[in-house]
>>> print(open('coords.cif').read())   # mmCIF, C-alpha atoms and all ligand atoms
data_final
loop_
_atom_site.label_atom_id
_atom_site.label_comp_id
_atom_site.auth_asym_id
_atom_site.auth_seq_id
_atom_site.Cartn_x
_atom_site.Cartn_y
_atom_site.Cartn_z
CA MET R 1 -1.19 145.72 -108.56
CA ALA R 2 0.90 142.58 -108.75
CA ASP R 3 3.07 142.26 -111.82
CA ARG R 4 2.15 138.72 -112.77
CA ASN R 5 4.91 138.57 -115.37
CA ARG R 6 7.38 138.66 -112.50
CA PHE R 7 5.84 135.52 -111.03
CA PRO R 8 4.96 133.19 -113.90
CA ALA R 9 6.22 130.23 -111.92
CA VAL R 10 4.05 131.05 -108.96
CA VAL R 11 1.03 131.52 -111.17
CA LEU R 12 1.61 128.13 -112.77
CA TYR R 13 1.92 126.42 -109.39
CA ILE R 14 -1.24 128.13 -108.23
CA ALA R 15 -2.99 126.73 -111.29
CA LEU R 16 -1.97 123.25 -110.16
CA VAL R 17 -3.07 123.43 -106.58
CA PHE R 18 -5.18 126.50 -106.09
CA PHE R 19 -7.52 128.26 -108.49
CA THR R 20 -7.69 132.01 -108.14
CA ALA R 21 -10.35 134.31 -109.53
CA ALA R 22 -9.24 137.16 -111.76
CA VAL R 23 -10.50 139.91 -109.50
CA ALA R 24 -8.35 142.93 -108.66
CA TYR R 25 -8.36 143.03 -104.83
CA PRO R 26 -6.78 144.95 -103.17
CA GLU R 27 -4.80 147.09 -105.63
CA GLU R 28 -1.40 146.57 -103.99
CA ASP R 29 0.21 143.19 -103.26
CA ALA R 30 -0.52 143.39 -99.55
CA GLN R 31 -1.94 145.69 -96.93
CA ILE R 32 -0.96 145.83 -93.26
CA VAL R 33 -4.08 146.22 -91.10
CA LYS R 34 -3.50 147.31 -87.51
CA LEU R 35 -5.94 145.41 -85.29
CA GLY R 36 -4.55 146.39 -81.88
CA ASP R 37 -1.51 148.12 -80.35
CA ASP R 38 0.72 145.18 -81.28
CA ILE R 39 -1.49 143.07 -83.52
CA PHE R 40 -1.39 143.20 -87.30
CA ALA R 41 -2.95 141.34 -90.22
CA ARG R 42 -1.23 141.22 -93.62
CA ILE R 43 -4.13 141.04 -96.05
CA VAL R 44 -2.98 140.07 -99.53
CA ASN R 45 -4.18 140.48 -103.06
CA PRO R 46 -5.33 137.00 -104.15
CA ASN R 47 -3.71 137.56 -107.54
CA GLY R 48 -0.30 138.37 -106.08
CA ASN R 49 2.46 135.99 -105.05
CA ALA R 50 1.42 135.66 -101.39
CA VAL R 51 -2.07 134.13 -101.99
CA GLY R 52 -3.03 133.51 -98.32
CA ASN R 53 -3.22 136.13 -95.55
CA ALA R 54 -0.79 136.27 -92.61
CA GLY R 55 -0.69 138.05 -89.28
CA PHE R 56 1.81 138.99 -86.59
CA ILE R 57 1.78 139.93 -82.93
CA VAL R 58 4.58 141.91 -81.29
CA LEU R 59 5.04 140.32 -77.87
CA GLU R 60 7.39 141.47 -75.11
CA GLN R 61 10.32 139.24 -76.05
CA GLY R 62 9.73 138.79 -79.74
CA VAL R 63 7.28 138.50 -82.61
CA LEU R 64 4.81 135.71 -83.28
CA VAL R 65 3.84 135.23 -86.96
CA PHE R 66 0.64 133.47 -88.00
CA ASP R 67 1.10 131.87 -91.47
CA THR R 68 3.85 132.80 -93.91
CA HIS R 69 2.25 133.14 -97.37
CA PHE R 70 2.90 131.11 -100.53
CA THR R 71 6.56 131.66 -101.41
CA PRO R 72 9.87 132.34 -99.66
CA GLU R 73 9.83 135.73 -101.43
CA ALA R 74 6.42 136.60 -100.00
CA GLY R 75 7.70 135.45 -96.58
CA GLN R 76 10.59 137.91 -97.00
CA GLN R 77 8.14 140.71 -97.79
CA LEU R 78 6.21 139.82 -94.64
CA LEU R 79 9.48 139.98 -92.67
CA GLN R 80 10.24 143.41 -94.17
CA ASP R 81 6.83 144.67 -93.08
CA ILE R 82 7.48 143.33 -89.57
CA ARG R 83 10.87 145.10 -89.59
CA SER R 84 9.18 148.41 -90.45
CA ILE R 85 7.23 148.08 -87.19
CA THR R 86 9.64 146.43 -84.73
CA SER R 87 13.26 145.32 -84.49
CA LYS R 88 12.37 142.48 -82.09
CA PRO R 89 13.32 138.99 -83.29
CA VAL R 90 10.69 136.73 -84.83
CA ARG R 91 10.46 133.98 -82.21
CA TYR R 92 7.45 131.95 -83.26
CA ILE R 93 5.81 130.96 -86.53
CA VAL R 94 2.39 129.32 -86.40
CA ASN R 95 1.15 127.37 -89.43
CA SER R 96 -2.65 127.32 -89.35
CA HIS R 97 -2.73 124.28 -91.69
CA TYR R 98 -0.52 122.50 -94.21
CA HIS R 99 -1.53 124.27 -97.44
CA PRO R 100 1.42 125.85 -99.28
CA ASP R 101 -0.12 129.34 -99.36
CA HIS R 102 0.21 129.36 -95.56
CA THR R 103 3.54 127.56 -95.08
CA HIS R 104 5.90 128.04 -98.02
CA GLY R 105 7.21 131.32 -96.61
CA ASN R 106 8.47 129.50 -93.46
CA GLN R 107 12.07 129.47 -94.64
CA ALA R 108 12.21 133.28 -94.55
CA PHE R 109 12.32 133.06 -90.74
CA PRO R 110 15.40 131.03 -89.77
CA GLY R 111 15.78 130.63 -86.03
CA ALA R 112 12.08 130.99 -85.26
CA HIS R 113 10.28 128.09 -83.61
CA ILE R 114 7.69 126.81 -86.07
CA ILE R 115 4.53 125.63 -84.32
CA ALA R 116 1.73 123.51 -85.76
CA ILE R 117 -0.40 120.74 -84.40
CA LYS R 118 0.89 117.21 -84.98
CA LYS R 119 -1.52 116.44 -87.82
CA THR R 120 -0.49 119.56 -89.72
CA ARG R 121 3.17 118.56 -89.52
CA GLU R 122 2.20 115.09 -90.75
CA ASP R 123 0.20 116.65 -93.61
CA ILE R 124 3.16 118.82 -94.67
CA LEU R 125 5.34 115.70 -94.83
CA GLY R 126 2.73 113.33 -96.22
CA LYS R 127 0.82 115.59 -98.63
CA ASP R 128 2.62 118.86 -99.44
CA LEU R 129 6.12 117.43 -99.87
CA PRO R 130 5.04 114.66 -102.29
CA SER R 131 2.88 117.19 -104.17
CA LEU R 132 5.86 119.53 -104.55
CA ASN R 133 8.10 116.68 -105.72
CA ARG R 134 5.43 115.58 -108.19
CA THR R 135 5.18 119.11 -109.56
CA ILE R 136 8.97 119.26 -110.00
CA ARG R 137 9.01 115.92 -111.85
CA VAL R 138 6.10 116.93 -114.12
CA THR R 139 7.77 120.25 -114.94
CA GLU R 140 11.09 118.53 -115.72
CA SER R 141 9.43 116.10 -118.09
CA GLN R 142 7.46 118.93 -119.75
CA LEU R 143 10.75 120.78 -120.24
CA ASP R 144 12.35 117.71 -121.86
CA GLY R 145 9.41 117.43 -124.26
CA MET R 146 9.49 121.12 -125.12
CA ARG R 147 13.25 121.05 -125.74
CA GLU R 148 12.90 118.08 -128.07
CA LYS R 149 10.07 119.77 -129.93
CA SER R 150 12.08 122.98 -130.20
CA SER R 151 15.11 121.14 -131.64
CA LYS R 152 12.93 119.71 -134.44
CA GLU R 153 10.97 122.91 -135.14
CA THR R 154 11.97 124.47 -138.48
CA ASN R 155 9.65 127.50 -138.35
CA THR R 156 11.55 130.40 -136.73
CA GLY R 157 8.48 132.05 -135.18
CA ARG R 158 7.23 128.84 -133.59
CA ARG R 159 10.74 127.97 -132.37
CA ASP R 160 11.08 131.41 -130.70
CA ALA R 161 7.69 130.97 -129.03
CA LEU R 162 8.78 127.55 -127.74
CA LYS R 163 12.05 129.01 -126.42
CA GLN R 164 10.04 131.58 -124.50
CA GLN R 165 7.86 128.85 -123.00
CA ILE R 166 10.96 126.85 -122.07
CA GLN R 167 12.42 129.89 -120.31
CA THR R 168 9.18 130.38 -118.33
CA ARG R 169 9.21 126.73 -117.24
CA GLN R 170 12.89 126.91 -116.32
CA ASP R 171 12.26 129.96 -114.15
CA TYR R 172 9.38 128.09 -112.51
CA LEU R 173 11.57 125.06 -111.84
CA SER R 174 14.29 127.24 -110.38
CA THR R 175 11.72 128.88 -108.05
CA LEU R 176 10.53 125.44 -106.91
CA SER R 177 14.09 124.23 -106.39
CA GLN R 178 14.80 127.15 -104.05
CA LEU R 179 11.85 126.18 -101.90
CA LYS R 180 12.76 124.26 -98.74
CA ILE R 181 9.89 122.60 -96.94
CA THR R 182 10.51 123.91 -93.43
CA LEU R 183 8.73 121.77 -90.85
CA PRO R 184 7.11 122.73 -87.57
CA VAL R 185 9.24 121.63 -84.61
CA VAL R 186 6.82 122.44 -81.80
CA VAL R 187 3.79 120.17 -82.20
CA PRO R 188 1.12 120.60 -79.53
CA GLU R 189 -1.82 118.18 -79.58
CA ASN R 190 -4.66 120.66 -79.78
CA TYR R 191 -4.09 123.60 -77.47
CA MET R 192 -1.17 125.86 -76.66
CA LEU R 193 -0.92 129.02 -74.63
CA ILE R 194 1.79 131.58 -75.27
CA GLN R 195 2.12 134.09 -72.47
CA ASP R 196 4.73 136.74 -73.21
CA GLY R 197 4.46 139.97 -71.25
CA SER R 198 0.86 140.96 -70.71
CA LYS R 199 -0.39 139.30 -73.88
CA GLU R 200 -2.05 135.91 -73.81
CA VAL R 201 -2.17 134.14 -77.17
CA ARG R 202 -4.14 130.92 -77.50
CA LEU R 203 -3.59 128.43 -80.30
CA GLN R 204 -6.58 126.13 -80.55
CA PHE R 205 -7.56 123.16 -82.65
CA LEU R 206 -11.35 123.20 -82.45
CA GLY R 207 -12.10 120.39 -84.90
CA PRO R 208 -11.74 119.44 -88.56
CA GLY R 209 -12.99 121.75 -91.28
CA HIS R 210 -11.05 123.22 -94.19
CA THR R 211 -8.52 120.40 -93.62
CA ASP R 212 -8.42 117.75 -90.93
CA ALA R 213 -6.06 119.97 -88.93
CA ASP R 214 -6.76 123.71 -88.76
CA THR R 215 -5.45 125.83 -85.91
CA ILE R 216 -6.88 129.20 -84.96
CA LEU R 217 -5.11 131.92 -82.99
CA TYR R 218 -7.24 133.69 -80.40
CA ILE R 219 -6.27 136.77 -78.40
CA PRO R 220 -8.97 137.15 -75.72
CA SER R 221 -7.80 140.57 -74.45
CA ASP R 222 -8.27 142.09 -77.91
CA ARG R 223 -11.23 139.92 -78.96
CA ILE R 224 -9.47 138.90 -82.18
CA VAL R 225 -9.40 135.50 -83.92
CA PHE R 226 -7.02 134.63 -86.75
CA CYS R 227 -9.04 131.88 -88.43
CA GLY R 228 -6.70 130.66 -91.17
CA ASP R 229 -8.77 129.06 -93.94
CA LEU R 230 -11.60 128.10 -91.59
CA PHE R 231 -13.04 131.47 -92.65
CA PHE R 232 -13.20 132.79 -96.24
CA LYS R 233 -14.68 136.25 -96.48
CA ASN R 234 -16.90 136.95 -99.49
CA ALA R 235 -15.43 133.98 -101.31
CA ILE R 236 -16.46 130.44 -102.21
CA PRO R 237 -14.18 128.26 -100.05
CA ASN R 238 -11.61 125.75 -101.22
CA ILE R 239 -12.98 122.39 -100.04
CA GLN R 240 -10.33 120.16 -101.63
CA ASP R 241 -9.32 118.66 -98.25
CA ALA R 242 -12.43 119.66 -96.31
CA ASN R 243 -15.10 117.98 -94.26
CA ILE R 244 -17.86 120.56 -94.70
CA LEU R 245 -20.31 119.14 -92.15
CA LYS R 246 -17.62 119.11 -89.45
CA TRP R 247 -16.44 122.54 -90.66
CA MET R 248 -19.92 123.89 -89.87
CA ASP R 249 -19.58 122.62 -86.28
CA THR R 250 -16.11 124.13 -86.00
CA LEU R 251 -17.44 127.49 -87.24
CA LYS R 252 -20.10 127.37 -84.52
CA MET R 253 -17.32 126.88 -81.96
CA ILE R 254 -15.41 129.86 -83.39
CA LEU R 255 -18.59 131.92 -83.01
CA GLU R 256 -18.75 130.89 -79.34
CA LEU R 257 -15.45 132.70 -78.68
CA ASP R 258 -15.72 136.13 -77.12
CA ALA R 259 -14.39 138.04 -80.15
CA ASP R 260 -15.56 140.60 -82.66
CA ARG R 261 -12.85 140.64 -85.30
CA PHE R 262 -12.09 137.58 -87.39
CA VAL R 263 -9.15 137.48 -89.82
CA PRO R 264 -9.86 135.13 -92.73
CA GLY R 265 -7.31 133.10 -94.67
CA HIS R 266 -8.58 134.81 -97.82
CA GLY R 267 -10.31 138.18 -97.94
CA ILE R 268 -10.33 141.28 -95.78
CA VAL R 269 -10.81 141.32 -91.99
CA GLY R 270 -14.37 140.44 -91.02
CA ASN R 271 -16.71 140.76 -88.06
CA ARG R 272 -19.00 138.28 -86.30
CA ARG R 273 -21.74 138.84 -88.88
CA ASP R 274 -19.34 137.87 -91.69
CA VAL R 275 -18.51 134.55 -90.02
CA GLU R 276 -22.23 133.92 -89.48
CA ARG R 277 -22.78 134.66 -93.16
CA PHE R 278 -20.05 132.19 -94.10
CA LEU R 279 -21.71 129.50 -91.96
CA ALA R 280 -25.05 130.40 -93.58
CA TYR R 281 -23.49 129.76 -97.01
CA PHE R 282 -22.74 126.16 -95.97
CA GLU R 283 -26.22 125.79 -94.43
CA GLN R 284 -27.79 126.97 -97.67
CA LEU R 285 -25.52 124.69 -99.71
CA ARG R 286 -26.65 121.78 -97.56
CA ALA R 287 -30.32 122.73 -98.01
CA ILE R 288 -29.92 122.89 -101.80
CA VAL R 289 -27.97 119.66 -102.15
CA GLU R 290 -29.91 117.49 -99.66
CA PRO R 291 -33.03 116.96 -101.86
CA PHE R 292 -30.79 115.53 -104.61
CA VAL R 293 -29.35 112.98 -102.17
CA LEU R 294 -32.68 112.12 -100.56
CA GLY R 295 -34.40 111.96 -103.95
CA GLY R 296 -31.83 109.49 -105.29
CA TYR R 297 -30.52 111.82 -107.98
CA SER R 298 -26.93 111.42 -109.14
CA VAL R 299 -24.08 113.69 -108.09
CA GLU R 300 -23.64 114.60 -111.77
CA LYS R 301 -27.23 115.86 -111.91
CA ALA R 302 -26.72 117.87 -108.73
CA MET R 303 -23.53 119.42 -110.11
CA GLN R 304 -25.26 120.24 -113.37
CA ASP R 305 -28.54 121.57 -111.98
CA ILE R 306 -27.40 123.54 -108.94
CA GLN R 307 -26.46 127.13 -109.69
CA VAL R 308 -24.75 129.43 -107.24
CA PRO R 309 -27.46 131.26 -105.21
CA ALA R 310 -27.88 134.90 -106.24
CA GLN R 311 -26.52 136.40 -103.00
CA TYR R 312 -23.14 134.71 -103.60
CA SER R 313 -22.88 135.54 -107.30
CA ARG R 314 -20.29 138.26 -106.69
CA TYR R 315 -18.07 136.12 -104.44
CA ARG R 316 -14.47 135.42 -105.39
CA PHE R 317 -13.24 131.90 -106.24
CA MET R 318 -16.51 131.14 -108.05
CA ASN R 319 -14.80 128.27 -109.86
CA PHE R 320 -14.84 126.33 -106.56
CA PHE R 321 -18.65 126.23 -106.47
CA THR R 322 -19.27 123.01 -108.41
CA ALA R 323 -16.67 121.24 -106.26
CA ASN R 324 -18.53 122.58 -103.18
CA VAL R 325 -21.73 120.94 -104.47
CA GLN R 326 -19.90 117.69 -105.20
CA LYS R 327 -18.29 117.55 -101.75
CA MET R 328 -21.52 118.38 -99.92
CA TYR R 329 -23.32 115.67 -101.93
CA ALA R 330 -20.62 113.10 -101.05
CA GLU R 331 -20.78 113.93 -97.36
CA LEU R 332 -24.58 113.84 -97.20
CA LYS R 333 -24.57 110.57 -99.12
CA GLN R 334 -22.14 109.15 -96.57
CA VAL R 335 -24.44 110.23 -93.74
CA GLN R 336 -27.38 108.64 -95.57
CA LEU R 337 -25.48 105.38 -96.14
CA LEU R 338 -24.53 105.21 -92.49
CA SER R 339 -28.18 105.45 -91.48
CA ILE R 340 -29.87 103.23 -94.06
CA PRO R 341 -33.33 102.17 -92.86
CA ILE R 342 -34.07 98.42 -92.60
CA GLU R 343 -36.27 98.44 -95.71
CA GLY R 344 -33.35 99.80 -97.77
CA PRO R 345 -32.67 103.10 -99.49
CA LYS R 346 -35.37 105.21 -101.16
CA LYS R 347 -36.04 104.57 -104.82
CA PRO R 348 -34.85 107.30 -107.19
CA LYS R 349 -37.67 109.47 -108.52
CA ASN R 350 -36.36 109.28 -112.07
ZN ZN H 401 -6.01 126.26 -97.18
#
>>> encode(input="coords.cif", output="structure tokens", more="lines below")
Ligand SMILES: [Zn+2]
Amino acid sequence: MADRNRFPAVVLYIALVFFTAAVAYPEEDAQIVKLGDDIFARIVNPNGNAVGNAGFIVLEQGVLVFDTHFTPEAGQQLLQDIRSITSKPVRYIVNSHYHPDHTHGNQAFPGAHIIAIKKTREDILGKDLPSLNRTIRVTESQLDGMREKSSKETNTGRRDALKQQIQTRQDYLSTLSQLKITLPVVVPENYMLIQDGSKEVRLQFLGPGHTDADTILYIPSDRIVFCGDLFFKNAIPNIQDANILKWMDTLKMILELDADRFVPGHGIVGNRRDVERFLAYFEQLRAIVEPFVLGGYSVEKAMQDIQVPAQYSRYRFMNFFTANVQKMYAELKQVQLLSIPIEGPKKPKN
């Protein structure tokens, strides 16, 4: 079980960019799952410091790593696990998309070629870097305020509590300051083949989804797909940067691949049925939200009235559900606005 007291800074940062559900899963911080002779997934506890899953493939001349977790420390732990299996150098890092829980461990692999499609590199520079800088500035100003408050506090108990909070924030700031945004240097447009020894590894951008740039890793010989965050297993997905309707198309393309094991960005390794179930979640979400759009009801009413369907009530990341409804509503509304009939939009029913 992750000792959260060891990672207060990480937990705070997660609270800013990524909500996690308080579910113990799995017990340890991470689990190495062997998927083939030389293919491994590192499935992590969502409450630990790694947050997103990673994977690695031991090729003839070196190791290819798919995603690097949420912190440099978690990246180091991934490297240690790789070292327990092979002494070959880590040659390639692939970032499935720009989110920090898949890229902030990059710096633990100096000398490796970091690969991501062009848009992902742009997103790291244009979205993640400013977000990190913003977080540092906010934390610094919070620290200033807390220090001032502490200097004026006359009650010993309250002053001690404030000092403790200041220490926690300082530790957090020091963690953030050690983070170096390490950019991809190999930026294929949408497809890349790595052939090393007998193993053929395909990196493919199939279309937008979880973000506007998500890359999957497909190993045809072993029928395995590392999906990044295009696939959440038994969890409500994070749709903060998503286009859900396009994501559904991209999932259909993933299902067209000749594969039977699918590694999600969050959750344990799944099979074809699990990916179908994930697509069915979006289809059901669309079916529930569509009448609110067509009936002229407001997004607020949809968000208030729509409850999570019973079969998903035990999913993790339940606090994403209302945002899922809101995003689906916005996308369907957009579709409706783009195809307004000549006589104008339908009148609201109430
Ligand atoms: Zn993500």
>>> residues_near_ligand(input="coords.cif", ligand="ligand ZN 401 (chain H)", cutoff="8 Å", atoms="all atoms listed in the file", output="number ranges by chain")
R: 52, 97-102, 210-211, 228-229, 238, 265
>>> closest_atom_pairs(input="coords.cif", of="stretch 145-234 of chain R", to="stretch 275-293 of chain R", cutoff="12 Å", atoms="only C-alpha atoms", output="JSON lines")
{"residue": "R:Gly209", "atom": "CA", "partner": "R:Phe282", "partner_atom": "CA", "distance": 11.7}
{"residue": "R:Val225", "atom": "CA", "partner": "R:Val275", "partner_atom": "CA", "distance": 11.0}
{"residue": "R:Phe226", "atom": "CA", "partner": "R:Val275", "partner_atom": "CA", "distance": 11.9}
{"residue": "R:Cys227", "atom": "CA", "partner": "R:Val275", "partner_atom": "CA", "distance": 10.0}
{"residue": "R:Asp229", "atom": "CA", "partner": "R:Phe278", "partner_atom": "CA", "distance": 11.7}
{"residue": "R:Leu230", "atom": "CA", "partner": "R:Val275", "partner_atom": "CA", "distance": 9.6}
{"residue": "R:Phe231", "atom": "CA", "partner": "R:Val275", "partner_atom": "CA", "distance": 6.8}
{"residue": "R:Phe232", "atom": "CA", "partner": "R:Phe278", "partner_atom": "CA", "distance": 7.2}
{"residue": "R:Lys233", "atom": "CA", "partner": "R:Phe278", "partner_atom": "CA", "distance": 7.1}
{"residue": "R:Asn234", "atom": "CA", "partner": "R:Phe278", "partner_atom": "CA", "distance": 7.9}
>>> closest_residue(input="coords.cif", among="R:Ser221, R:Asn95, R:Thr215, R:Thr154", to="R:Leu183", atoms="all atoms listed in the file")
R:Asn95
>>> closest_residue(input="coords.cif", among="R:Asp160, R:Asn324, R:Tyr218, R:Ser131", to="R:Ile194", atoms="all atoms listed in the file")
R:Tyr218
>>> atom_distance(input="coords.cif", atom1="atom CA of R:Gln167", atom2="atom CA of R:His69")
25.3 Å
>>> closest_residue(input="coords.cif", among="R:Val33, R:Lys327, R:Ala54, R:Leu203", to="R:Ala116", atoms="all atoms listed in the file")
R:Leu203
>>> residues_around(input="coords.cif", residues="R:Glu148", least_positions_apart="5", cutoff="12 Å", atoms="only C-alpha atoms", output="list in words")
Ser141, Gln142, Leu143, Glu153, Arg159, Leu162, Lys163 and Ile166 of chain R
>>> closest_residue(input="coords.cif", among="R:Asp123, R:Asp258, R:Glu189, R:Asp144", to="R:Asp241", atoms="all atoms listed in the file")
R:Asp123
>>> closest_residue(input="coords.cif", among="R:Gln164, R:Asn133, R:Gln336, R:Ser174", to="R:Met146", atoms="all atoms listed in the file")
R:Gln164
>>> closest_residue(input="coords.cif", among="R:Leu337, R:Ala323, R:Asp222, R:Ile93", to="R:Pro110", atoms="all atoms listed in the file")
R:Ile93
>>> residues_around(input="coords.cif", residues="R:Thr68", least_positions_apart="5", cutoff="10 Å", atoms="all atoms listed in the file", output="PDB file with C-alpha atoms, in the frame of the given file")
ATOM      1  CA  ARG R  42      -1.230 141.220 -93.620  1.00  0.00           C
ATOM      2  CA  ALA R  50       1.420 135.660-101.390  1.00  0.00           C
ATOM      3  CA  GLY R  52      -3.030 133.510 -98.320  1.00  0.00           C
ATOM      4  CA  ASN R  53      -3.220 136.130 -95.550  1.00  0.00           C
ATOM      5  CA  ALA R  54      -0.790 136.270 -92.610  1.00  0.00           C
ATOM      6  CA  GLY R  55      -0.690 138.050 -89.280  1.00  0.00           C
ATOM      7  CA  PHE R  56       1.810 138.990 -86.590  1.00  0.00           C
ATOM      8  CA  ALA R  74       6.420 136.600-100.000  1.00  0.00           C
ATOM      9  CA  GLY R  75       7.700 135.450 -96.580  1.00  0.00           C
ATOM     10  CA  GLN R  76      10.590 137.910 -97.000  1.00  0.00           C
ATOM     11  CA  GLN R  77       8.140 140.710 -97.790  1.00  0.00           C
ATOM     12  CA  LEU R  78       6.210 139.820 -94.640  1.00  0.00           C
ATOM     13  CA  LEU R  79       9.480 139.980 -92.670  1.00  0.00           C
ATOM     14  CA  ILE R  93       5.810 130.960 -86.530  1.00  0.00           C
ATOM     15  CA  VAL R  94       2.390 129.320 -86.400  1.00  0.00           C
ATOM     16  CA  ASN R  95       1.150 127.370 -89.430  1.00  0.00           C
ATOM     17  CA  SER R  96      -2.650 127.320 -89.350  1.00  0.00           C
ATOM     18  CA  PRO R 100       1.420 125.850 -99.280  1.00  0.00           C
ATOM     19  CA  ASP R 101      -0.120 129.340 -99.360  1.00  0.00           C
ATOM     20  CA  HIS R 102       0.210 129.360 -95.560  1.00  0.00           C
ATOM     21  CA  THR R 103       3.540 127.560 -95.080  1.00  0.00           C
ATOM     22  CA  HIS R 104       5.900 128.040 -98.020  1.00  0.00           C
ATOM     23  CA  GLY R 105       7.210 131.320 -96.610  1.00  0.00           C
ATOM     24  CA  ASN R 106       8.470 129.500 -93.460  1.00  0.00           C
ATOM     25  CA  GLN R 107      12.070 129.470 -94.640  1.00  0.00           C
ATOM     26  CA  ALA R 108      12.210 133.280 -94.550  1.00  0.00           C
ATOM     27  CA  PHE R 109      12.320 133.060 -90.740  1.00  0.00           C
TER      28      PHE R 109
END
>>> atom_distance(input="coords.cif", atom1="atom CA of R:Ile224", atom2="atom CA of R:Lys199")
12.3 Å
>>> atom_distance(input="coords.cif", atom1="atom CA of R:Pro184", atom2="atom CA of R:Ile115")
5.1 Å
>>> residues_near_point(input="coords.cif", point="(9.1, 120.8, -84.5)", cutoff="10 Å", atoms="all atoms listed in the file", output="list in words")
His113, Ile114, Ile115, Ala116, Ile117, Lys118, Arg121, Thr182, Leu183, Pro184, Val185, Val186, Val187 and Pro188 of chain R
>>> residues_around(input="coords.cif", residues="R:Arg134", least_positions_apart="3", cutoff="12 Å", atoms="all atoms listed in the file", output="list in words")
Tyr13, Leu16, Val17, Lys127, Asp128, Leu129, Pro130, Ser131, Arg137, Val138, Thr139, Glu140, Ser141, Leu173 and Leu176 of chain R
